[in-house]
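J.: Provided herewith: input-v1.pdb, PDB, C-alpha atoms.
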ATOM      1  CA  ASP V   1      29.848  20.234  93.020
ATOM      2  CA  TRP V   2      28.863  22.519  90.162
ATOM      3  CA  THR V   3      27.408  25.454  92.092
ATOM      4  CA  GLN V   4      29.484  27.369  94.606
ATOM      5  CA  ILE V   5      30.490  30.973  95.107
ATOM      6  CA  LYS V   6      32.322  32.546  92.165
ATOM      7  CA  GLU V   7      35.538  32.979  94.161
ATOM      8  CA  VAL V   8      36.356  29.242  94.070
ATOM      9  CA  TYR V   9      36.910  26.692  91.310
ATOM     10  CA  ASP V  10      37.390  22.961  90.783
ATOM     11  CA  THR V  11      35.228  22.062  93.788
ATOM     12  CA  THR V  12      34.881  18.366  94.525
ATOM     13  CA  LEU V  13      33.152  16.190  97.096
ATOM     14  CA  ASP V  14      34.634  12.839  98.058
ATOM     15  CA  ILE V  15      32.122  11.136 100.308
ATOM     16  CA  LYS V  16      32.901   8.027 102.358
ATOM     17  CA  LEU V  17      30.190   6.179 104.269
ATOM     18  CA  THR V  18      30.690   5.159 107.874
ATOM     19  CA  PRO V  19      30.708   1.402 108.586
ATOM     20  CA  ASP V  20      27.100   1.475 109.879
ATOM     21  CA  GLY V  21      25.898   3.193 106.673
ATOM     22  CA  LYS V  22      24.135   5.943 108.649
ATOM     23  CA  GLY V  23      26.849   8.552 108.394
ATOM     24  CA  TRP V  24      29.598   9.862 106.170
ATOM     25  CA  ILE V  25      32.686  12.004 105.932
ATOM     26  CA  ASP V  26      32.585  14.523 103.111
ATOM     27  CA  ASP V  27      35.982  15.714 101.866
ATOM     28  CA  PHE V  28      35.111  19.071 100.298
ATOM     29  CA  GLY V  29      38.001  19.972  97.994
ATOM     30  CA  VAL V  30      38.250  23.540  96.773
ATOM     31  CA  LYS V  31      40.754  25.724  94.948
ATOM     32  CA  GLY V  32      40.803  29.473  95.104
ATOM     33  CA  PRO V  33      40.579  32.168  94.263
ATOM     34  CA  ALA V  34      39.074  31.394  90.861
ATOM     35  CA  PRO V  35      41.103  32.719  87.909
ATOM     36  CA  ASP V  36      38.175  34.811  86.627
ATOM     37  CA  SER V  37      37.578  36.348  90.068
ATOM     38  CA  ALA V  38      41.204  37.267  90.789
ATOM     39  CA  LYS V  39      42.940  37.518  87.430
ATOM     40  CA  LEU V  40      46.209  38.920  88.834
ATOM     41  CA  SER V  41      46.584  36.817  91.962
ATOM     42  CA  TRP V  42      44.816  33.456  91.652
ATOM     43  CA  ASP V  43      47.992  31.512  90.834
ATOM     44  CA  LYS V  44      49.811  33.048  93.823
ATOM     45  CA  SER V  45      47.318  31.754  96.394
ATOM     46  CA  PRO V  46      48.470  29.128  98.891
ATOM     47  CA  VAL V  47      45.365  27.130  97.930
ATOM     48  CA  ALA V  48      45.658  27.531  94.153
ATOM     49  CA  ASN V  49      46.297  23.778  94.081
ATOM     50  CA  GLY V  50      43.556  23.041  96.563
ATOM     51  CA  ALA V  51      42.554  22.739 100.174
ATOM     52  CA  HIS V  52      40.250  20.292 101.902
ATOM     53  CA  TYR V  53      37.506  20.884 104.429
ATOM     54  CA  PHE V  54      35.716  18.032 106.077
ATOM     55  CA  LEU V  55      32.015  17.859 106.763
ATOM     56  CA  PHE V  56      30.412  15.105 108.780
ATOM     57  CA  GLY V  57      26.993  13.735 107.972
ATOM     58  CA  ARG V  58      24.484  11.479 109.625
ATOM     59  CA  VAL V  59      20.966  10.206 109.207
ATOM     60  CA  ASP V  60      18.716  11.018 112.146
ATOM     61  CA  ASP V  61      15.861   8.514 112.399
ATOM     62  CA  LYS V  62      13.625  11.322 113.734
ATOM     63  CA  ASP V  63      13.961  13.329 110.488
ATOM     64  CA  PRO V  64      11.630  12.798 107.526
ATOM     65  CA  ALA V  65      12.875  10.875 104.485
ATOM     66  CA  GLY V  66      15.186  12.946 102.286
ATOM     67  CA  VAL V  67      16.688  14.958 105.146
ATOM     68  CA  LEU V  68      20.292  14.419 106.148
ATOM     69  CA  ARG V  69      22.221  16.142 108.938
ATOM     70  CA  GLU V  70      25.602  17.629 108.094
ATOM     71  CA  SER V  71      28.035  19.432 110.362
ATOM     72  CA  GLY V  72      30.960  21.581 109.430
ATOM     73  CA  PHE V  73      32.301  25.073 109.863
ATOM     74  CA  GLY V  74      31.040  24.972 113.464
ATOM     75  CA  VAL V  75      27.350  24.272 112.804
ATOM     76  CA  GLU V  76      24.997  21.412 112.031
ATOM     77  CA  PHE V  77      22.462  22.018 109.297
ATOM     78  CA  PRO V  78      19.844  19.960 107.488
ATOM     79  CA  ASP V  79      20.530  18.858 103.914
ATOM     80  CA  TYR V  80      17.388  18.321 101.887
ATOM     81  CA  ILE V  81      17.897  15.948  98.979
ATOM     82  CA  VAL V  82      15.564  17.481  96.405
ATOM     83  CA  ASP V  83      16.361  15.386  93.333
ATOM     84  CA  VAL V  84      18.465  12.369  92.400
ATOM     85  CA  GLN V  85      19.221  10.791  89.050
ATOM     86  CA  LYS V  86      20.366   7.202  88.618
ATOM     87  CA  ASP V  87      22.222   5.379  85.900
ATOM     88  CA  PRO V  88      19.568   3.118  84.319
ATOM     89  CA  ASN V  89      22.064   0.275  83.863
ATOM     90  CA  THR V  90      23.901   0.228  87.199
ATOM     91  CA  GLY V  91      21.432   1.937  89.515
ATOM     92  CA  GLU V  92      24.239   4.189  90.823
ATOM     93  CA  TYR V  93      23.386   7.763  91.668
ATOM     94  CA  THR V  94      24.753  10.050  88.965
ATOM     95  CA  GLU V  95      23.403  13.465  89.970
ATOM     96  CA  ALA V  96      21.776  15.073  92.992
ATOM     97  CA  ILE V  97      20.357  18.442  93.921
ATOM     98  CA  GLN V  98      20.781  19.382  97.552
ATOM     99  CA  PHE V  99      19.272  22.292  99.457
ATOM    100  CA  GLN V 100      20.676  23.558 102.736
ATOM    101  CA  CYS V 101      19.043  26.217 104.854
ATOM    102  CA  LEU V 102      20.038  27.347 108.311
ATOM    103  CA  GLU V 103      17.955  29.720 110.397
ATOM    104  CA  ARG V 104      18.723  31.203 113.784
ATOM    105  CA  GLY V 105      16.143  33.196 115.696
ATOM    106  CA  GLY V 106      13.818  33.244 112.679
ATOM    107  CA  VAL V 107      16.502  34.739 110.412
ATOM    108  CA  ARG V 108      17.946  32.808 107.481
ATOM    109  CA  VAL V 109      21.731  32.922 107.982
ATOM    110  CA  PHE V 110      22.781  30.444 105.329
ATOM    111  CA  GLU V 111      21.278  28.956 102.235
ATOM    112  CA  GLY V 112      23.051  26.647  99.826
ATOM    113  CA  ILE V 113      21.902  24.931  96.680
ATOM    114  CA  ASN V 114      24.280  22.322  95.326
ATOM    115  CA  PHE V 115      24.090  20.697  91.907
ATOM    116  CA  MET V 116      26.253  17.589  92.240
ATOM    117  CA  SER V 117      27.401  15.126  89.623
ATOM    118  CA  ARG V 118      29.801  12.201  89.525
ATOM    119  CA  ASN V 119      30.933  13.460  86.123
ATOM    120  CA  PRO V 120      33.846  15.955  86.147
ATOM    121  CA  THR V 121      32.451  17.564  82.982
ATOM    122  CA  MET V 122      28.880  18.588  82.252
ATOM    123  CA  THR V 123      27.347  20.124  79.161
ATOM    124  CA  ASP V 124      25.274  23.297  79.226
ATOM    125  CA  GLY V 125      22.283  21.069  78.479
ATOM    126  CA  GLU V 126      22.956  18.865  81.525
ATOM    127  CA  ILE V 127      23.255  21.931  83.769
ATOM    128  CA  ALA V 128      20.048  23.351  82.221
ATOM    129  CA  ALA V 129      18.272  20.054  82.983
ATOM    130  CA  MET V 130      19.319  20.354  86.641
ATOM    131  CA  HIS V 131      17.934  23.903  86.726
ATOM    132  CA  ALA V 132      14.656  22.625  85.260
ATOM    133  CA  ARG V 133      14.408  19.937  87.942
ATOM    134  CA  ALA V 134      15.191  22.535  90.634
ATOM    135  CA  GLU V 135      12.454  24.791  89.248
ATOM    136  CA  LYS V 136       9.979  21.895  89.229
ATOM    137  CA  ALA V 137      10.900  21.222  92.882
ATOM    138  CA  GLY V 138       9.987  24.827  93.761
ATOM    139  CA  MET V 139      13.550  26.017  94.405
ATOM    140  CA  TYR V 140      13.657  29.122  92.187
ATOM    141  CA  PRO V 141      12.417  31.484  94.945
ATOM    142  CA  TYR V 142      15.439  30.343  97.002
ATOM    143  CA  GLY V 143      18.036  31.125  94.343
ATOM    144  CA  ALA V 144      18.153  28.099  92.022
ATOM    145  CA  SER V 145      17.504  29.877  88.712
ATOM    146  CA  PRO V 146      20.382  30.210  86.227
ATOM    147  CA  ASP V 147      20.595  33.983  86.730
ATOM    148  CA  GLN V 148      20.877  33.523  90.527
ATOM    149  CA  MET V 149      23.445  30.722  90.608
ATOM    150  CA  HIS V 150      27.085  30.518  89.672
ATOM    151  CA  THR V 151      28.435  27.486  87.847
ATOM    152  CA  VAL V 152      31.872  26.630  89.183
ATOM    153  CA  ALA V 153      34.812  27.159  86.841
ATOM    154  CA  ARG V 154      36.732  24.000  86.010
ATOM    155  CA  ARG V 155      40.202  23.326  84.740
ATOM    156  CA  PRO V 156      40.732  20.304  82.513
ATOM    157  CA  VAL V 157      40.731  17.086  84.520
ATOM    158  CA  ASP V 158      44.313  16.328  83.446
ATOM    159  CA  ALA V 159      45.662  19.877  84.041
ATOM    160  CA  ALA V 160      48.989  19.985  85.842
ATOM    161  CA  PRO V 161      49.128  21.623  89.281
ATOM    162  CA  GLU V 162      50.192  25.248  89.437
ATOM    163  CA  ASP V 163      53.978  25.374  89.669
ATOM    164  CA  ASN V 164      55.473  28.842  89.919
ATOM    165  CA  ALA V 165      57.682  30.851  92.276
ATOM    166  CA  TRP V 166      54.747  31.550  94.580
ATOM    167  CA  GLN V 167      53.788  27.890  94.874
ATOM    168  CA  GLN V 168      57.431  26.976  95.498
ATOM    169  CA  MET V 169      57.581  29.599  98.262
ATOM    170  CA  TRP V 170      54.434  28.179  99.938
ATOM    171  CA  HIS V 171      56.019  24.716  99.725
ATOM    172  CA  ASN V 172      59.383  25.898 101.101
ATOM    173  CA  ILE V 173      57.824  27.498 104.172
ATOM    174  CA  GLY V 174      55.781  24.334 104.756
ATOM    175  CA  PHE V 175      52.316  25.725 104.068
ATOM    176  CA  ASP V 176      51.259  22.659 102.073
ATOM    177  CA  ARG V 177      52.338  20.398 104.946
ATOM    178  CA  LEU V 178      50.396  22.583 107.386
ATOM    179  CA  LEU V 179      47.283  22.166 105.211
ATOM    180  CA  GLU V 180      47.841  18.384 105.176
ATOM    181  CA  LEU V 181      48.135  18.287 108.983
ATOM    182  CA  LEU V 182      45.002  20.378 109.337
ATOM    183  CA  THR V 183      43.187  18.099 106.909
ATOM    184  CA  GLU V 184      44.249  14.989 108.837
ATOM    185  CA  SER V 185      43.205  16.562 112.131
ATOM    186  CA  ILE V 186      39.763  17.491 110.793
ATOM    187  CA  GLU V 187      39.248  14.160 109.040
ATOM    188  CA  ASP V 188      39.724  12.168 112.224
ATOM    189  CA  GLY V 189      37.367  14.495 114.100
ATOM    190  CA  GLY V 190      40.164  16.396 115.846
ATOM    191  CA  ARG V 191      41.063  13.413 118.016
TER     192      ARG V 191
END
Hey, can you dump this file as C-alpha cells for me?
T.:
Amino acid sequence: DWTQIKEVYDTTLDIKLTPDGKGWIDDFGVKGPAPDSAKLSWDKSPVANGAHYFLFGRVDDKDPAGVLRESGFGVEFPDYIVDVQKDPNTGEYTEAIQFQCLERGGVRVFEGINFMSRNPTMTDGEIAAMHARAEKAGMYPYGASPDQMHTVARRPVDAAPEDNAWQQMWHNIGFDRLLELLTESIEDGGR
C-alpha cells in the first residue's frame, strides 16, 4: 500500500482468499511512527518493527460490480475498486486503486484512497501514472492528487529489523508476544 498517513511506513497488505472465493482476510502490516514524522523517537516505538491489523472482506451479491465489503476497526465499509492493472503475460493483477468512503448521518467520517502494488518498489513515474488514472476516474476532488496524498516511506526490502535497547526492552517485557497473541486472536475472528 503506497498511500497512507504520514505517521506510518512500510505498509503492506497480505490478502488471503476464503475457500469459497467470496471473501478474504487482509493482513494489514504497518510500522510506526515513520522516521521522518518522529525523528527522535521512531526507533523506540514498540511497533518500529511492525504490527498487524486484520480486515475481513466479502463480496455481497446485492452490490454492484466493483464494490467489495470490508470490515475492520469496528465498522464495515464499501471498497470501490476504481482501477486495476494486469501483467500482460500472466494476467495477474499488478496494481489497484481502491476508494473507501464511510458516511454516517449524511456526514463523511472516513475516506481512504489506496494505491496498491505487488511490487515493493515503485518509481516516481509509476506513482505518477497511478495519480493520472485516479484523476481520470474522477478521484481528485476526494483527495487523490499528488499534493493531497502522502506516499508511504519505505525502507529497503532487505533492511534488518530495528535492534536497539528500546526494542530489547519491548521484547523482554513480552510486548512482541502480546502483539502476536492479539494478531492471532484477530486473524481467527476472535474465536
J.: Please identify all polymer residues within 8 Å of Thr11 (chain V), counting all atoms listed in the file, omitting same-chain residues fewer than 6 positions from it, and present them as a list in words.
T.: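 The filter keeps Asp1, Trp2, Gln4, Phe28, Gly29, Val30, Lys31 and Val152 of chain V.
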J.: Next, write the just-selected residues to a file, as a compact mmCIF listing (two decimals), in the frame of the given file, keeping C-alpha atoms as the atom set.
T.:
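Output below, filename part37.txt:
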# COMPACT_ATOMS: atom_id res chain seq x y z
CA ASP V 1 29.85 20.23 93.02
CA TRP V 2 28.86 22.52 90.16
CA GLN V 4 29.48 27.37 94.61
CA PHE V 28 35.11 19.07 100.30
CA GLY V 29 38.00 19.97 97.99
CA VAL V 30 38.25 23.54 96.77
CA LYS V 31 40.75 25.72 94.95
CA VAL V 152 31.87 26.63 89.18
J.: With the file shown as input, list the residues that the PyMOL selection byres ((chain V and resi 8) around 6) selects, as a list in words.
T.: Lys6, Glu7, Tyr9, Lys31, Gly32, Pro33 and Ala34 of chain V
J.: How would the residues just picked look written out with C-alpha atoms as a compact mmCIF listing (two decimals), in the coordinates of the input?
T.:
# COMPACT_ATOMS: atom_id res chain seq x y z
CA LYS V 6 32.32 32.55 92.16
CA GLU V 7 35.54 32.98 94.16
CA TYR V 9 36.91 26.69 91.31
CA LYS V 31 40.75 25.72 94.95
CA GLY V 32 40.80 29.47 95.10
CA PRO V 33 40.58 32.17 94.26
CA ALA V 34 39.07 31.39 90.86
J.: Got a sec to check which residues sit within 10 Å of (54.9, 31.4, 92.0), counting all atoms listed in the file, and write them as a PyMOL selection string?
T.: chain V and resi 41+43-46+162-170
J.: Do you know which residues are at most 12 Å from region 72-76 of chain V counting only C-alpha atoms, after dropping those on the same chain fewer than 3 positions away, and could you put them as a ChimeraX atom specification?
T.: /V:25-28,53-58,68-69,79,100-104,109-110,186-187,189
J.: What does the structure give for the distance between CA of Arg154 (chain V) and CA of Asn114 (chain V), in Å to one decimal?
T.: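 Taking CA of Arg154 (chain V) and CA of Asn114 (chain V), their separation equals 15.6 Å.
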J.: Have a look at CA of Arg155 (chain V) and CA of Ala128 (chain V) and let me know their distance in Å, one decimal.
T.: 20.3 Å
J.: For the atom pair CA of Arg118 (chain V) and CA of Thr94 (chain V), what is the interatomic distance in Å to one decimal place?
T.: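 So the two atoms, CA of Arg118 (chain V) and CA of Thr94 (chain V), lie 5.5 Å apart.
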J.: Find, counting all atoms listed in the file, the residue in V:Thr3, V:Ile97, V:Pro35, V:Gly21 that gets nearest to Glu135 (chain V).
T.: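 The shortest atom-to-atom distance to Glu135 (chain V) comes from V:Ile97.
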J.: Which residues would end up in the selection if the PyMOL selection byres ((chain V and resi 117) around 10) were applied here, given that I need the answer as a list in words?
T.: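 Applied to this file, the PyMOL selection byres ((chain V and resi 117) around 10) selects Asp1, Trp2, Thr12, Leu13, Val84, Gln85, Tyr93, Thr94, Glu95, Ala96, Ile97, Asn114, Phe115, Met116, Arg118, Asn119, Pro120, Thr121, Met122, Glu126 and Ile127 of chain V.
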J.: For the PyMOL selection byres ((chain V and resi 179) around 12), applied here, can you spell out every residue it catches as a list in words?
T.: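 This file gives the following for the PyMOL selection byres ((chain V and resi 179) around 12): Gly29, Pro46, Val47, Asn49, Gly50, Ala51, His52, Tyr53, Trp170, His171, Ile173, Gly174, Phe175, Asp176, Arg177, Leu178, Glu180, Leu181, Leu182, Thr183, Glu184, Ser185, Ile186 and Glu187 of chain V.
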J.: Rank V:Lys86, V:Gly112, V:Ala132, V:Lys16 by their smallest atom-to-atom distance to His150 (chain V), using only C-alpha atoms, and report the top residue only.
T.: V:Gly112
